[in-house]
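Heads up, the thing below is written out as structure tokens.
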Amino acid sequence: MMSFRTLTIRSLARREWTPQNIESGGTMDAVVVYGATGHTGRFVVAELLERGFAPVVSGRDAARLEVLAKEWGQVAVRPATVADPGSLDRALAGAAAVVNCAGPFAVTGGPVVEAALRAGIPYVDVAAEIEANASMFADYAEAARRTGTPVVPAMAFYGGLGDLLVTAAMGEWTAADVAHIAYGLSSWHPTAGTRAAGQVSHQRRSGRRVRFTGGALEYHDDQASEQDWLFPEPLGRRAVIAEFTMADVVTVPSHLAVPEVRTYMAVEAARDLAREDTPAPEAVDASGRSDQIFVVDVVVRAGGVERRATARGQDIYAVTAPLVVEAVRRILAGHTRTVGVASAGAMFDAADFLRALTPHLSVELPH
């Protein structure tokens with residue numbers, strides 16, 4: 001017997017997406033940002049404006065959206081809630097693409113991507129929730145592939161950047177034995193959205209920890225362990241928590257033959273995140289960035305050979321905006337490598353994408 005879920009997903013495959021469809025059916029540069037009033041959403045709106053797009057701000061709080069529109073003076077307002085599919089359809093009508101910045105993505109991801117598929121437009125999100133990312137690949141691959149609609153989950157600091165670095169480091173390799181992704185953060189002042197998403201993930205896995213080993217996600221109750229990691233400057237040697245697992249354990253294995261994906265987090269950042277009294281990020285420059293410095297250090301190994309790729313920058317939330325907007329730009333220009341649901345490394349030329357992020361990121365890749 002066919003399930004209601006199957007019927008819902010199959011009913012989405014109504015319109016094949018192409019750049020030509022967008023040009024004839026709507027405004028080429030109109031991009032809906034769902035969750036635009038959130039911390040990351042505001043960075044995304046600013047980056048879209050900077051890059052010449054016409055943002056359409058959306059979300060459930062109409063009053064806050066109007067305040068944001070008055071602040072920017074150049075954006076359209078379309079309130080919508082994930083509980084009302086019709087409101088999402090109206091929000092996306094005539095747009096070129098939608099960026100979902102509203103967590104928890106376990107709640108918003110399904111409704112917003114379904115609306116995108118109904119509208120026949122690309123969907124990109126900034127989800128760092130492992131289970132939500134996995135569900136996006138599992139639940140929407142068929143409908144997105146059938147219509148040729150680009151769907152890129154985790155196109156953010158966590159999930160997207162690490163995947164791009166691993167892909168670029170591997171280069172011509174078709175497989176590797178292990179990928180190590182170490183996050184060196186000078187601090188981590190989490191947003192309210194980060195805390196809410198973390199609570200949802202914690203509940204969904206019943207408090208267990210997760211790793212990607214032997215080619216599969218594995219949930220376990222082992223205690224976290226610490227080790228040292230020698231990061232490139234400016235961080236240097238730092239204590240890290242091993243198996244501090246992030247969205248890379250979904251994005252990397254979605255397209256690369258790497259049976260072991262291991263992620264690490266600087267101890268000081270993990271402690272900031274764990275403390276309930278750690279304040280939210282505080283802006284230190286005109287762009288709204290905090291003083292947080294990050295280094296993402298990737299090491300891939302295959303047959304005894306090691307390759308490394310590194311990215312440095314400021315503010316993990318702020319850098320998500322150029323990652324997202326560059327993805328949208330390339331999708332709308334047709335500069336993609338596949339169709340359907342795909343991670344950043346599968347959808348784009350990873351090395352070229354990373355180099356395009358200057359001056360937002362300083363990147364070192366294998367020659």
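Just so we're on the same page: first chain in the structure tokens is A, next is B, and so on; residues restart at 1 for each chain, and ligands are numbered from 1 in the order they show up.
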
Got a sec: who's within 12 Å of Ser87 in chain A, counting only C-alpha atoms, leaving out chain neighbours fewer than 3 positions off, as a VMD selection string?
chain A and resid 34 58 to 60 78 to 84 90 to 93 111 to 112 115

Hey, can you spit out that residue selection with N, CA and C atoms as a PDB file, in the first residue's frame?
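What landed in result02.pdb:
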```pdb
ATOM      1  N   TYR A  34      13.862  32.393   3.508  1.00  0.00           N
ATOM      2  CA  TYR A  34      12.933  32.004   4.567  1.00  0.00           C
ATOM      3  C   TYR A  34      13.717  31.962   5.879  1.00  0.00           C
ATOM      4  N   SER A  58      11.072  36.337   4.038  1.00  0.00           N
ATOM      5  CA  SER A  58       9.920  35.536   4.424  1.00  0.00           C
ATOM      6  C   SER A  58      10.173  34.895   5.773  1.00  0.00           C
ATOM      7  N   GLY A  59       9.089  34.462   6.398  1.00  0.00           N
ATOM      8  CA  GLY A  59       9.138  33.839   7.706  1.00  0.00           C
ATOM      9  C   GLY A  59       7.788  34.005   8.367  1.00  0.00           C
ATOM     10  N   ARG A  60       7.714  33.542   9.598  1.00  0.00           N
ATOM     11  CA  ARG A  60       6.395  33.513  10.241  1.00  0.00           C
ATOM     12  C   ARG A  60       6.008  34.828  10.917  1.00  0.00           C
ATOM     13  N   ARG A  78       7.117  38.770   2.250  1.00  0.00           N
ATOM     14  CA  ARG A  78       6.078  37.759   2.051  1.00  0.00           C
ATOM     15  C   ARG A  78       6.058  36.823   3.251  1.00  0.00           C
ATOM     16  N   PRO A  79       5.247  37.104   4.257  1.00  0.00           N
ATOM     17  CA  PRO A  79       5.165  36.218   5.421  1.00  0.00           C
ATOM     18  C   PRO A  79       4.648  34.845   5.024  1.00  0.00           C
ATOM     19  N   ALA A  80       5.117  33.820   5.732  1.00  0.00           N
ATOM     20  CA  ALA A  80       4.672  32.442   5.478  1.00  0.00           C
ATOM     21  C   ALA A  80       5.021  31.592   6.687  1.00  0.00           C
ATOM     22  N   THR A  81       4.268  30.533   6.862  1.00  0.00           N
ATOM     23  CA  THR A  81       4.567  29.591   7.943  1.00  0.00           C
ATOM     24  C   THR A  81       4.619  28.188   7.372  1.00  0.00           C
ATOM     25  N   VAL A  82       5.426  27.333   7.989  1.00  0.00           N
ATOM     26  CA  VAL A  82       5.559  25.966   7.489  1.00  0.00           C
ATOM     27  C   VAL A  82       4.299  25.152   7.733  1.00  0.00           C
ATOM     28  N   ALA A  83       3.418  25.638   8.611  1.00  0.00           N
ATOM     29  CA  ALA A  83       2.156  24.941   8.862  1.00  0.00           C
ATOM     30  C   ALA A  83       1.109  25.245   7.798  1.00  0.00           C
ATOM     31  N   ASP A  84       1.395  26.200   6.911  1.00  0.00           N
ATOM     32  CA  ASP A  84       0.437  26.629   5.887  1.00  0.00           C
ATOM     33  C   ASP A  84       1.105  26.538   4.517  1.00  0.00           C
ATOM     34  N   ARG A  90       2.693  31.075  -1.938  1.00  0.00           N
ATOM     35  CA  ARG A  90       2.593  32.497  -2.273  1.00  0.00           C
ATOM     36  C   ARG A  90       3.942  33.193  -2.090  1.00  0.00           C
ATOM     37  N   ALA A  91       4.674  32.791  -1.081  1.00  0.00           N
ATOM     38  CA  ALA A  91       5.977  33.403  -0.819  1.00  0.00           C
ATOM     39  C   ALA A  91       6.964  33.118  -1.934  1.00  0.00           C
ATOM     40  N   LEU A  92       6.886  31.926  -2.532  1.00  0.00           N
ATOM     41  CA  LEU A  92       7.848  31.510  -3.550  1.00  0.00           C
ATOM     42  C   LEU A  92       7.408  31.838  -4.971  1.00  0.00           C
ATOM     43  N   ALA A  93       6.188  32.320  -5.138  1.00  0.00           N
ATOM     44  CA  ALA A  93       5.658  32.558  -6.482  1.00  0.00           C
ATOM     45  C   ALA A  93       6.531  33.539  -7.260  1.00  0.00           C
ATOM     46  N   PRO A 111       8.717  21.146   4.716  1.00  0.00           N
ATOM     47  CA  PRO A 111       7.723  22.037   4.101  1.00  0.00           C
ATOM     48  C   PRO A 111       8.305  23.013   3.090  1.00  0.00           C
ATOM     49  N   VAL A 112       9.497  23.568   3.370  1.00  0.00           N
ATOM     50  CA  VAL A 112      10.046  24.569   2.455  1.00  0.00           C
ATOM     51  C   VAL A 112      10.564  23.920   1.173  1.00  0.00           C
ATOM     52  N   ALA A 115       7.646  23.077  -0.999  1.00  0.00           N
ATOM     53  CA  ALA A 115       7.136  24.268  -1.690  1.00  0.00           C
ATOM     54  C   ALA A 115       8.034  24.634  -2.868  1.00  0.00           C
TER      55      ALA A 115
END
```

Could you pull the residues within 12 Å of Trp173 in chain A, counting only C-alpha atoms, minus those fewer than 2 positions along the same chain, as a short mmCIF file (atom, residue, chain, number, x, y, z; two decimals) with N, CA, C and O atoms, in the first residue's frame?
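Dumped everything to out.cif:
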```
data_model
loop_
_atom_site.label_atom_id
_atom_site.label_comp_id
_atom_site.auth_asym_id
_atom_site.auth_seq_id
_atom_site.Cartn_x
_atom_site.Cartn_y
_atom_site.Cartn_z
N VAL A 166 37.10 18.84 1.50
CA VAL A 166 37.43 17.43 1.29
C VAL A 166 37.45 17.10 -0.19
O VAL A 166 38.37 16.43 -0.70
N THR A 167 36.45 17.57 -0.92
CA THR A 167 36.35 17.30 -2.36
C THR A 167 37.54 17.89 -3.10
O THR A 167 38.14 17.23 -3.97
N ALA A 168 37.91 19.14 -2.76
CA ALA A 168 39.04 19.78 -3.42
C ALA A 168 40.35 19.08 -3.06
O ALA A 168 41.23 18.92 -3.92
N ALA A 169 40.49 18.64 -1.82
CA ALA A 169 41.70 17.95 -1.40
C ALA A 169 41.87 16.62 -2.13
O ALA A 169 42.98 16.25 -2.53
N MET A 170 40.78 15.91 -2.35
CA MET A 170 40.85 14.63 -3.04
C MET A 170 41.20 14.80 -4.52
O MET A 170 41.85 13.93 -5.11
N GLY A 171 40.78 15.89 -5.11
CA GLY A 171 41.12 16.12 -6.51
C GLY A 171 40.65 15.00 -7.41
O GLY A 171 39.46 14.69 -7.48
N ALA A 175 38.38 7.74 -4.38
CA ALA A 175 38.10 7.18 -3.06
C ALA A 175 39.24 7.53 -2.12
O ALA A 175 40.34 7.87 -2.55
N ALA A 176 38.95 7.50 -0.84
CA ALA A 176 39.97 7.71 0.19
C ALA A 176 39.65 6.80 1.37
O ALA A 176 38.51 6.35 1.53
N ASP A 177 40.66 6.54 2.19
CA ASP A 177 40.45 5.69 3.36
C ASP A 177 39.75 6.44 4.48
O ASP A 177 38.91 5.87 5.19
N LEU A 256 31.18 10.92 -2.07
CA LEU A 256 32.57 10.46 -2.10
C LEU A 256 32.70 9.11 -1.41
O LEU A 256 32.06 8.86 -0.37
N ALA A 257 33.53 8.24 -1.96
CA ALA A 257 33.75 6.90 -1.38
C ALA A 257 34.79 7.03 -0.26
O ALA A 257 35.97 6.73 -0.43
N VAL A 258 34.32 7.49 0.88
CA VAL A 258 35.17 7.66 2.06
C VAL A 258 34.45 6.99 3.24
O VAL A 258 33.49 7.54 3.78
N VAL A 300 42.91 14.27 4.11
CA VAL A 300 42.38 13.03 3.55
C VAL A 300 43.54 12.09 3.28
O VAL A 300 44.64 12.52 2.89
N ARG A 301 43.32 10.81 3.53
CA ARG A 301 44.37 9.82 3.34
C ARG A 301 43.85 8.68 2.48
O ARG A 301 42.71 8.21 2.66
N ALA A 302 44.72 8.22 1.57
CA ALA A 302 44.39 7.09 0.71
C ALA A 302 45.67 6.33 0.40
O ALA A 302 46.62 6.92 -0.14
N GLY A 303 45.71 5.05 0.78
CA GLY A 303 46.86 4.22 0.46
C GLY A 303 48.17 4.76 0.96
O GLY A 303 49.19 4.66 0.28
N VAL A 305 49.00 7.90 1.28
CA VAL A 305 49.24 9.25 0.78
C VAL A 305 48.28 10.21 1.47
O VAL A 305 47.10 9.90 1.66
N GLU A 306 48.79 11.38 1.84
CA GLU A 306 47.99 12.36 2.57
C GLU A 306 47.89 13.66 1.79
O GLU A 306 48.88 14.13 1.22
N ARG A 307 46.70 14.24 1.76
CA ARG A 307 46.48 15.55 1.17
C ARG A 307 45.76 16.44 2.17
O ARG A 307 44.93 15.97 2.94
#
```

Taking the DSSP assignment computed from this structure's backbone, write out as a count of residues only all residues of range 128-354 of chain A that belong to strand (DSSP E or B).
61

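Across the structure, CA of Gly160 in chain A and CA of Gly345 in chain A are spaced 7.5 Å apart.
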